[in-house]
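A.B. asks: For reference, the structure I am asking about is given below.
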Amino acid sequence: MGHVTLTLLGGFEARIGTGQPVPVPTKKAQALLAYLALVSGQSHPRDKLASLLWCDAAPATARNALRQTLFVLRRALGGTERDIFQTTGDAIALSPDSVDTDIAAFERAVKEGTPAALERAIRLYSGDLLSGLSVAEPVFEDWLMAERERLGELALEALARRLAHQRTSGETASAVQTALRLLALDPLQESAHRTLMRLYAQLGRRDAALRQYQECVDVIRREQGAE
């Protein structure tokens with residue numbers, strides 16, 4: 001059976017097997033496919049999906065829009081050997097053995113927790129979930145913001161654990177890069193600022209350590225109004 005591979009961190013990309021990316025032409029089709037893929041195998045009532053992406057429309061209009069969007073997705077993913085959607089009269093799901101996502105691989109790597117797995121998780125986290133995708137539907141946007149926050153916390157966890165291992169192992173130069181990546185995600189991590197100052201000092205980069213101290217002060221003053 002053909003597989004659909006979805007890259008959802010840092011944007012949206014769909015591939016059939018290992019082939020070239022396939023265009024999914026509408027934002028709501030992308031949003032629907034991503035939503036179903038994050039919980040593949042779980043059935044969702046059609047009314048729930050309709051209200052997720054067409055919350056201001058009349059129920060009949062929303063359900064018709066959902067049917068049209070499913071048609072768009074089936075046509076876009078027509079290279080698969082069988083329909084990846086499991087549909088009944090009242091519910092829709094994605095077949096769990098027909099879709100792979102970078103989200104699932106990322107979560108598995110964080111859970112595994114070995115240095116190699118954490119490094120893999122950090123590479124997979126290339127940006128926010130569905131970065132750049134906006135469908136102007138409050139229910140979907142609320143779900144998306146909550147998922148972005150959850151995955152961002154997992155990324156911070158992976159970075160912090162990898163940083164601790166690198167420091168213990170004496171990988172000072174690599175630890176600097178990990179600390180910088182952590183601070184790029186969350187500039188208010190004061191402990192990461194302190195760690196980065198110490199790493200710079202260990203490398204004999206006193207000026208960089210002082211600049212990092214000043215950046216920490218500036219960020220905390222600007223964001224929290226604290227001295």
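Naming scheme: A, B, ... for chains in displayed order of the structure tokens; residues 1 onward per chain; ligands 1 onward as shown.
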Tell me, as a PyMOL selection string, which residues lie within 10 Å of region 41-56 of chain A, counting only C-alpha atoms; anything in the same chain fewer than 5 positions away does not count.
C.D. replies: chain A and resi 28-29+31-32+35-36+61-67+85-99+135-143
A.B. asks: Using the chain letters and numbers from this document, which residues of region 9-216 of chain A does DSSP assign to strand (DSSP E or B), as a list of chain:residue names?
C.D. replies: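 Everything in region 9-216 of chain A that counts as strand (DSSP E or B) is A:Leu9, A:Glu13, A:Ala14, A:Arg15, A:Ile16, A:Pro21, A:Val22, A:His44, A:Pro45, A:Phe85, A:Gln86, A:Thr87, A:Ala91, A:Ile92, A:Ala93, A:Leu94, A:Val99, A:Asp100, A:Thr101, A:Leu129.
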A.B. asks: For the selection just defined, write its residues with C-alpha atoms to a file, as a PDB file, in the first residue's frame.
C.D. replies:
ATOM      1  CA  LEU A   9       6.911  21.025  11.587  1.00  0.00           C
ATOM      2  CA  GLU A  13       4.541  19.147   2.851  1.00  0.00           C
ATOM      3  CA  ALA A  14       2.977  15.914   1.615  1.00  0.00           C
ATOM      4  CA  ARG A  15       4.753  13.159  -0.274  1.00  0.00           C
ATOM      5  CA  ILE A  16       3.553   9.841  -1.619  1.00  0.00           C
ATOM      6  CA  PRO A  21       6.062  16.647  -2.852  1.00  0.00           C
ATOM      7  CA  VAL A  22       2.468  16.653  -4.043  1.00  0.00           C
ATOM      8  CA  HIS A  44     -13.806  12.068  14.215  1.00  0.00           C
ATOM      9  CA  PRO A  45     -17.500  12.876  13.800  1.00  0.00           C
ATOM     10  CA  PHE A  85      -9.376   7.779   4.597  1.00  0.00           C
ATOM     11  CA  GLN A  86     -11.582   5.492   6.644  1.00  0.00           C
ATOM     12  CA  THR A  87     -15.059   6.969   6.327  1.00  0.00           C
ATOM     13  CA  ALA A  91     -17.117   9.784  10.996  1.00  0.00           C
ATOM     14  CA  ILE A  92     -13.743  10.129   9.280  1.00  0.00           C
ATOM     15  CA  ALA A  93     -10.313   8.801  10.230  1.00  0.00           C
ATOM     16  CA  LEU A  94      -6.936   8.264   8.616  1.00  0.00           C
ATOM     17  CA  VAL A  99       0.414   7.868   6.989  1.00  0.00           C
ATOM     18  CA  ASP A 100       3.765   8.823   8.534  1.00  0.00           C
ATOM     19  CA  THR A 101       4.440  12.219  10.076  1.00  0.00           C
ATOM     20  CA  LEU A 129       3.550  23.095  13.704  1.00  0.00           C
TER      21      LEU A 129
END
A.B. asks: With only C-alpha atoms as the counted atoms, please give the residues lying no more than 10 Å from His165 (chain A), apart from itself and same-chain residues fewer than 4 positions off, as a PyMOL selection string.
C.D. replies: chain A and resi 114-115+159-161+169-171+175
A.B. asks: Quick one: residues within 12 Å of Arg222 (chain A), only C-alpha atoms, excluding same-chain residues fewer than 6 positions away - as a PyMOL selection string?
C.D. replies: chain A and resi 187-188+215-216
A.B. asks: Would you write out those residues with N, CA, C and O atoms, as a CSV table (one decimal), in the first residue's frame?
C.D. replies:
chain,number,residue,atom,x,y,z
A,187,PRO,N,13.8,32.8,24.7
A,187,PRO,CA,14.8,33.7,25.2
A,187,PRO,C,14.7,34.0,26.6
A,187,PRO,O,15.7,34.5,27.2
A,188,LEU,N,13.6,33.6,27.3
A,188,LEU,CA,13.5,33.9,28.7
A,188,LEU,C,14.0,32.8,29.6
A,188,LEU,O,13.9,32.8,30.9
A,215,GLU,N,22.8,40.4,27.1
A,215,GLU,CA,21.6,40.0,26.3
A,215,GLU,C,20.6,39.4,27.3
A,215,GLU,O,19.4,39.7,27.1
A,216,CYS,N,21.0,38.6,28.3
A,216,CYS,CA,20.1,38.1,29.3
A,216,CYS,C,19.4,39.2,30.0
A,216,CYS,O,18.2,39.3,30.2
A.B. asks: Out of A:Gln212, A:Ala201, A:Leu77, A:Thr168, which residue has the shortest atom-to-atom distance to Leu180 (chain A) when counting only C-alpha atoms?
C.D. replies: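 Closest residue, counting only C-alpha atoms: A:Gln212.
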A.B. asks: Which neighbours of region 119-126 of chain A fall inside 12 Å, counting only C-alpha atoms, when residues of the same chain fewer than 5 positions from it are skipped, and could you give them as a short mmCIF file (atom, residue, chain, number, x, y, z; two decimals) with C-alpha atoms, in the first residue's frame?
C.D. replies:
data_model
loop_
_atom_site.label_atom_id
_atom_site.label_comp_id
_atom_site.auth_asym_id
_atom_site.auth_seq_id
_atom_site.Cartn_x
_atom_site.Cartn_y
_atom_site.Cartn_z
CA THR A 7 6.11 17.08 7.16
CA LEU A 8 4.18 19.39 9.49
CA LEU A 9 6.91 21.03 11.59
CA GLY A 10 7.98 24.31 10.03
CA GLY A 11 5.25 24.25 7.39
CA PHE A 12 3.31 21.69 5.36
CA THR A 101 4.44 12.22 10.08
CA ASP A 102 7.50 14.02 11.36
CA ILE A 103 5.45 14.80 14.49
CA ALA A 104 5.19 11.10 15.38
CA ALA A 105 8.91 10.59 14.73
CA PHE A 106 9.74 13.65 16.85
CA GLU A 107 7.62 12.48 19.78
CA ARG A 108 9.09 8.97 19.62
CA ALA A 109 12.63 10.37 19.67
CA VAL A 110 11.95 12.60 22.69
CA LYS A 111 10.37 9.67 24.53
CA GLU A 112 13.34 7.41 23.72
CA GLY A 113 15.61 9.98 25.31
CA THR A 114 19.04 8.66 24.31
CA SER A 131 4.11 27.38 10.39
CA ARG A 148 2.24 24.34 18.96
CA LEU A 151 5.32 20.49 20.82
CA GLY A 152 7.41 23.55 21.65
CA GLU A 153 7.65 22.38 25.26
CA LEU A 154 8.80 18.96 24.04
CA ALA A 155 11.45 20.63 21.88
CA LEU A 156 12.70 22.65 24.85
CA GLU A 157 12.82 19.45 26.90
CA ALA A 158 14.85 17.69 24.20
CA LEU A 159 17.27 20.60 23.92
CA ALA A 160 17.73 20.89 27.70
CA ARG A 161 18.40 17.17 28.07
CA ARG A 162 20.80 17.16 25.13
CA LEU A 163 22.59 20.21 26.56
CA HIS A 165 24.49 15.42 28.30
CA GLN A 166 26.86 17.47 26.17
CA SER A 174 28.42 21.46 20.57
CA ALA A 175 26.80 22.50 23.85
CA GLN A 177 25.14 25.48 19.66
CA THR A 178 22.47 23.59 21.60
CA ALA A 179 22.17 26.41 24.15
CA ARG A 181 19.08 26.88 19.75
CA LEU A 182 17.29 26.61 23.10
CA LEU A 185 13.02 29.02 21.05
#
A.B. asks: Run DSSP on the backbone and grab whatever in region 33-137 of chain A lands in helix (DSSP H, G or I); send it over as an MDAnalysis selection string.
C.D. replies: chainID A and resid 33:38 46:53 59:76 102:112 115:124
A.B. asks: Hey, can you check how far CA of Ala209 (chain A) sits from CA of Thr195 (chain A)?
C.D. replies: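 Separation of CA of Ala209 (chain A) and CA of Thr195 (chain A): 9.8 Å.
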A.B. asks: Check the smallest atom-to-atom distance from each of A:Leu196, A:Met145, A:Val4, A:Leu38 to Arg167 (chain A) using only C-alpha atoms, then report the winner.
C.D. replies: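 With only C-alpha atoms as the atom set, the closest residue is A:Leu196.
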A.B. asks: Work out how far CA of Glu223 (chain A) is from CA of Ala146 (chain A), in Å to one decimal.
C.D. replies: 21.7 Å
